[in-house]
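Shown next, in structure tokens, is the structure this report addresses.
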Amino acid sequence: MHNKPRNIYCYNINFLYSFIFFLLLVFCSFNAKCQDDNTPLQIDITGGKIQPMPIAISVFSINGEINEDMKILVESIPNLIAKNLTNSGFFKLLDREAYMQAPEALINRPKFRDWRIIDAQTLISGTVSKKTEDKVSVSIEMWDVYGERRMLGITLASKVRSWRRIAHIFSDKVYERLTGETGYFDTRIVYISETGDQKNRIKRLAIMDQDGANHKFLTDGKSLVLTPRFSPNQKLITFFSYRNLKSGLKPSVYIYELSTGKIDILGEFEGMSFAPRFSPDGKELVMSLAQNGSTNIYVMNLNSRKLKQLTKGRSIDTSPSFSPDGKKIVFNSDRSGGQHLYIMDKDGNNSKRISFGRGSYATPVWSPRGDYIAFTKFTRGRFYIGLMRPNGSAERLIAEGYLAEGPTWAPGGRVLCFFRQIQTDEDKFKTRLFAIDITGNREREIITPEDASDPAWSPKYSNK
């Protein structure tokens with residue numbers, strides 16, 4: 001008897017969220033005369049779970065004569081836009097079988113009544129036209145169905161083989177227009193690809209689009225590579241590797257130039273080096289070095305290659321990450337006995353502990369928005385991915401699993417990627433990448449050819 005009122009309450013709350021969401025769109029629609037096409041229509045998606053917004057994404061129409069390769073794009077591009085938006089959790093694609101207007105009829109102004117009948121709140125249409133034999137021009141338009149106005153219009157030209165990137169850019173623009181937040185679809189993920197048994201593990205640097213497409217190996221596996229990280233300009237990757245020399249394995253930090261494939265060594269160190277990471281301006285690397293029985297945090301000037309020590313002592317200080325403004329560094333340390341998170345100024349001063357919960361904290365990384373710090377936590381025999389505010393408040397755990405580790409932020413600070421081991425039917429384990437929303441919803445696997453670990457999400461970029 002106690003469950004029934006609770007269920008009714010939950011139902012009413014969900015209905016209320018949906019109703020408020022609908023009223024927001026209608027309110028913006030009635031104010032259309034006071035707005036132009038560039039005015040953001042912002043949806044509050046910072047709270048709990050909400051009902052996805054119903055959208056219609058039509059197959060694109062053809063403008064003029066195009067070749068067979070280009071004809072594929074009239075479905076491929078809108079399908080990928082739909083996949084991106086629905087994966088975000090904030091949009092629901094309406095069944096195309098219910099659409100009452102053909103793609104060709106949408107070249108001019110749609111009949112909005114036909115789209116309101118199927119409860120579409122937003123309509124996306126597009127056209128594909130030929131520029132040259134291998135180059136295509138694609139245009140999209142986004143319409144506010146209830147306000148009966150155009151909200152967005154974009155045209156992009158590119159080679160046919162780059163159609164996926166066109167779709168990702170369109171997806172970002174639609175996402176940003178409807179939510180007011182930074183899109184993350186036109187991005188990539190670099191990670192460590194792993195093959196072989198545990199005793200002879202081969203680890204290669206690999207890169208792919210955020211949805212797993214356009215996969216590419218960057219190193220040959222002859223050297224052990226770890227902890228790759230993107231530069232702020234998206235053109236460089238820093239990583240840690242062991243060079244196989246006659247004297248044995250030599251720990252070194254490298255820079256990989258994505259446009260050329262050139263690898264430059266930044267420094268060789270007598271002790272172990274961990275997790276190099278760029279500063280927000282790209283001029284420095286922060287890392288931890290194990291020397292003479294202690295592990296401390298250092299910063300390297302990339303022009304002079306000089307190291308500056310930031311922490312001192314016999315404790316283990318590691319996994320440093322800059323705040324978005326470059327003024328603070330978060331790291332983990334066992335200086336208090338257990339493994340906890342600390343924040344200090346970028347010069348190493350004013351160190352302050354921010355985690356006080358039960359268990360061990362590791363791999364902290366600052367959100368691009370600066371509002372959260374993501375971390376790995378081990379407690380009661382389980383691994384978790386968690387979030388807390390920079391002052392240590394509002395700690396919560398959003399994902400768990402055996403060896404769930406290594407959170408990395410997508411641009412905008414709404415989505416994270418991490419890796420975990422999962423058990424197969426043959427009682428074996430495989431390591432895979434996953435993406436999850438900061439609310440703990442919409443977890444999904446990012447498919448990779450082999451085992452995958454140590455992901456790093458790129459900032460938004462402009463050139464591949």
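Residues in the structure tokens are named by chain (A, B, ... in the order shown) and by number from 1 within that chain; ligands are numbered from 1 in the order shown.
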
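Residues with any atom within 6 Å of region 139-151 of chain A, counting only C-alpha atoms and excluding same-chain neighbours fewer than 2 positions away, are Ser29, Asp37, Phe112, Gln121, Thr122, Leu123, Ile124, Ser125, Gly126, Thr127, Gly153, Ile154 and Thr155 of chain A.
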
Fill in: strand (DSSP E or B) call set, DSSP backbone run, region 380-439 of chain A, as a VMD selection string
chain A and resid 382 to 388 396 to 401 405 to 409 415 to 423 429 to 437

Counting only C-alpha atoms, what is within 12 Å of Ala206 (chain A), bar same-chain residues fewer than 5 positions away, as a count of residues only?
35

Fill in: Exercise: region 364-380 of chain A partners within 9 Å, only C-alpha atoms, chain neighbours under 6 positions left out, as a VMD selection string
chain A and resid 319 to 325 329 to 332 341 358 386 to 390 392 397 403 to 414 416

* If you count only C-alpha atoms, which residues fall within 9 Å of Thr132 (chain A), apart from same-chain ones fewer than 3 positions away, as a PyMOL selection string? -> chain A and resi 135-136+159

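Counting only C-alpha atoms, the residue from A:Arg432, A:Arg335, A:Lys222, A:Lys250 that sits nearest to Asn296 (chain A) is A:Arg335.
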
Q: Name all residues at most 8 Å from Ser288 (chain A) (count only C-alpha atoms; drop same-chain ones fewer than 6 positions away) and give them as a list in words.
A: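 My list of contacting residues is Ser273, Phe274, Ala275, Pro276, Thr295, Asn296, Ile297, Tyr298, Asp317, Thr318, Ser319 and Pro320 of chain A.
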